[in-house]
Amino acid sequence: MKRLMIIDSLNLFMRNYHASGFISANGPPVGGLIGYLRSFQKYIRDIRPDEIIVVWDGPGGSTKKRKIYNNYKAGRKPVKINRGNSLLTEEDEERNILWQQSRLFEYLNNFPVIQIMEPQVEADDLIAFVARNHKYDGWAKIIVSSDKDFIQLCDKETVLYRPMQSETLTWKNVVENFGIHPNNFTIARAMEGDKSDNIAGVKGVGLKSVKKYLPFLSESKTYLLTDIEEYCRKRAEEGAKTKFYNSVLDNLNLIRQNYNIMQLYTPNISAQVAQSTRKIIQEFIYEINITETKTMLMEDRVGENNFEEMYAVLRRIVVENK
């Protein structure tokens with residue numbers, strides 16, 4: 001099978017920005033930029049993709065989901081700040097993030113890498129749309145992200161590689177590990193909630209209790225909230241000795257709200273964005289400019305970095321797509 005690597009790009013960039021202590025000889029931190037390129041080299045060396053798509057959150061990407069729940073992603077804080085970044089004022093750090101990110105766009109533009117970003121659209125929805133693009137039917141799709149939201153997209157052709165957890169999730173080991181099929185994973189997570197996105201769940205309900213009390217969610221059949229409600233009502237009326245079923249019944253509106261925010265089965269994008277994304281993929285020209293990349297590395301004075309393995313894979317992609 002041919003392989004498509006899809007990168008949740010802001011997720012990867014920010015993880016490196018906050019964890020990598022690289023400082024340019026010019027003075028400013030470059031951890032997000034150089035850490036990203038180093039991670040990128042590792043992933044393409046290991047995955048050996050035939051095509052690469054990197055997807056960014058667009059400006060105002062969370063707006064639509066905040067209309068459903070106004071505290072969505074509110075109060076997010078990084079887990080770790082490297083020493084180089086911690087020397088900056090808050091204003092300088094914001095400028096540095098924007099500079100590193102815009103500079104990374106320029107680096108990636110030298111590569112045979114499709115970059116996608118749309119205003120008012122989150123990367124999650126674009127990644128879900130790209131993974132279902134008919135051009136890639138029959139391909140192995142590898143989504144690179146630490147975000148559990150993408151578990152719902154795992155199927156016979158799509159896997160989730162989570163770098164921070166050093167794990168690769170397929171639809172089979174999702175069922176084995178969680179007792180929940182990817183087709184039903186979002187409804188389970190809607191009950192649990194997601195602290196990282198400030199989405200409150202049903203008190204006392206987690207994936208383990210969902211697996212225990214709703215065992216049919218391990219099936220490939222897609223269950224609806226009405227199915228969950230009917231089952232819970234029946235078990236509660238039978239006098240089941242657990243608070244689980246009544247807790248779910250008491251919080252159906254919350255679960256429905258969470259599901260609408262978290263689900264990627266039907267990406268939250270407009271027809272215009274869908275058409276634009278298809279066009280970008282179909283008309284992309286596969287080129288590589290290593291000379292310009294090396295010039296940029298010298299300009300940014302980031303020290304010795306060997307990216308020859310990355311260049312080798314990218315050259316192959318160009319040749320195979322001529």
# chains A, B, ... in the order shown; residues from 1 in each chain; ligands from 1
$ select_by_dssp --residues "region 93-256 of chain A" --states "strand (DSSP E)" --output "number ranges by chain"
A: 114-116, 140-144, 158-162, 167-169
$ write_last_selection --atoms "C-alpha atoms" --output "short mmCIF file (atom, residue, chain, number, x, y, z; two decimals), in the first residue's frame"
data_model
loop_
_atom_site.label_atom_id
_atom_site.label_comp_id
_atom_site.auth_asym_id
_atom_site.auth_seq_id
_atom_site.Cartn_x
_atom_site.Cartn_y
_atom_site.Cartn_z
CA ILE A 114 1.13 19.88 0.93
CA GLN A 115 0.30 22.52 3.54
CA ILE A 116 -3.37 23.18 4.30
CA ALA A 140 -2.43 3.54 4.35
CA LYS A 141 -3.13 6.84 6.14
CA ILE A 142 -0.93 7.63 9.15
CA ILE A 143 -2.15 10.57 11.25
CA VAL A 144 0.66 12.02 13.39
CA THR A 158 -6.14 4.70 8.88
CA VAL A 159 -3.94 4.57 11.99
CA LEU A 160 -3.02 7.16 14.61
CA TYR A 161 0.63 7.58 15.57
CA ARG A 162 0.92 9.36 18.94
CA GLU A 167 2.14 4.29 20.37
CA THR A 168 0.42 3.49 17.11
CA LEU A 169 -3.31 2.87 17.33
#
$ residues_around --residues "Ile285 (chain A)" --least-positions-apart "2" --cutoff "10 Å" --atoms "only C-alpha atoms" --output "list in words"
Pro112, Val113, Ile114, Ile280, Ile281, Gln282, Glu283, Glu287, Ile288, Val318, Asn321 and Lys322 of chain A
$ write_last_selection --atoms "N, CA and C atoms" --output "PDB file, in the first residue's frame"
ATOM      1  N   PRO A 112       8.353  18.938  -0.990  1.00  0.00           N
ATOM      2  CA  PRO A 112       7.161  18.392  -1.644  1.00  0.00           C
ATOM      3  C   PRO A 112       6.115  17.990  -0.606  1.00  0.00           C
ATOM      4  N   VAL A 113       5.669  18.988   0.153  1.00  0.00           N
ATOM      5  CA  VAL A 113       4.753  18.798   1.273  1.00  0.00           C
ATOM      6  C   VAL A 113       3.540  19.693   1.055  1.00  0.00           C
ATOM      7  N   ILE A 114       2.357  19.119   1.090  1.00  0.00           N
ATOM      8  CA  ILE A 114       1.127  19.884   0.933  1.00  0.00           C
ATOM      9  C   ILE A 114       0.761  20.506   2.279  1.00  0.00           C
ATOM     10  N   ILE A 280      -6.328  21.923  -3.870  1.00  0.00           N
ATOM     11  CA  ILE A 280      -4.932  22.001  -3.405  1.00  0.00           C
ATOM     12  C   ILE A 280      -4.243  20.651  -3.561  1.00  0.00           C
ATOM     13  N   ILE A 281      -4.931  19.588  -3.154  1.00  0.00           N
ATOM     14  CA  ILE A 281      -4.360  18.242  -3.226  1.00  0.00           C
ATOM     15  C   ILE A 281      -4.168  17.805  -4.676  1.00  0.00           C
ATOM     16  N   GLN A 282      -5.161  18.051  -5.510  1.00  0.00           N
ATOM     17  CA  GLN A 282      -5.108  17.582  -6.892  1.00  0.00           C
ATOM     18  C   GLN A 282      -4.084  18.332  -7.732  1.00  0.00           C
ATOM     19  N   GLU A 283      -3.902  19.632  -7.469  1.00  0.00           N
ATOM     20  CA  GLU A 283      -3.055  20.458  -8.326  1.00  0.00           C
ATOM     21  C   GLU A 283      -1.660  20.705  -7.761  1.00  0.00           C
ATOM     22  N   GLU A 287       7.932  19.570  -5.713  1.00  0.00           N
ATOM     23  CA  GLU A 287       9.259  20.132  -5.953  1.00  0.00           C
ATOM     24  C   GLU A 287      10.027  20.183  -4.641  1.00  0.00           C
ATOM     25  N   ILE A 288      11.346  20.267  -4.751  1.00  0.00           N
ATOM     26  CA  ILE A 288      12.190  20.379  -3.557  1.00  0.00           C
ATOM     27  C   ILE A 288      13.318  21.355  -3.850  1.00  0.00           C
ATOM     28  N   VAL A 318       9.493  13.421  -4.740  1.00  0.00           N
ATOM     29  CA  VAL A 318       9.452  14.238  -5.957  1.00  0.00           C
ATOM     30  C   VAL A 318       9.564  13.357  -7.204  1.00  0.00           C
ATOM     31  N   ASN A 321       6.467  11.298  -7.993  1.00  0.00           N
ATOM     32  CA  ASN A 321       5.276  12.051  -8.353  1.00  0.00           C
ATOM     33  C   ASN A 321       5.451  12.916  -9.601  1.00  0.00           C
ATOM     34  N   LYS A 322       6.559  12.743 -10.323  1.00  0.00           N
ATOM     35  CA  LYS A 322       6.748  13.443 -11.573  1.00  0.00           C
ATOM     36  C   LYS A 322       5.824  12.886 -12.647  1.00  0.00           C
TER      37      LYS A 322
END
$ atom_distance --atom1 "CA of Asp57 (chain A)" --atom2 "CA of Ser20 (chain A)"
21.4 Å
$ residues_around --residues "Arg316 (chain A)" --least-positions-apart "4" --cutoff "10 Å" --atoms "only C-alpha atoms" --output "MDAnalysis selection string"
chainID A and resid 48:50 112 311:312 320:321
$ residues_around --residues "Glu176 (chain A)" --least-positions-apart "5" --cutoff "9 Å" --atoms "only C-alpha atoms" --output "list in words"
Trp171, His181 and Ser218 of chain A
$ write_last_selection --atoms "C-alpha atoms" --output "PDB file, in the first residue's frame"
ATOM      1  CA  TRP A 171      -8.901   0.021  14.885  1.00  0.00           C
ATOM      2  CA  HIS A 181     -14.785   0.535  18.565  1.00  0.00           C
ATOM      3  CA  SER A 218     -17.090  -2.592  21.108  1.00  0.00           C
TER       4      SER A 218
END
$ select_by_dssp --residues "region 75-296 of chain A" --states "helix (DSSP H, G or I)" --output "VMD selection string"
chain A and resid 83 to 86 90 to 109 123 to 131 134 to 136 148 to 153 163 to 165 171 to 178 182 to 192 195 to 197 207 to 213 215 to 218 225 to 237 244 to 250 252 to 262 271 to 283 290 to 296
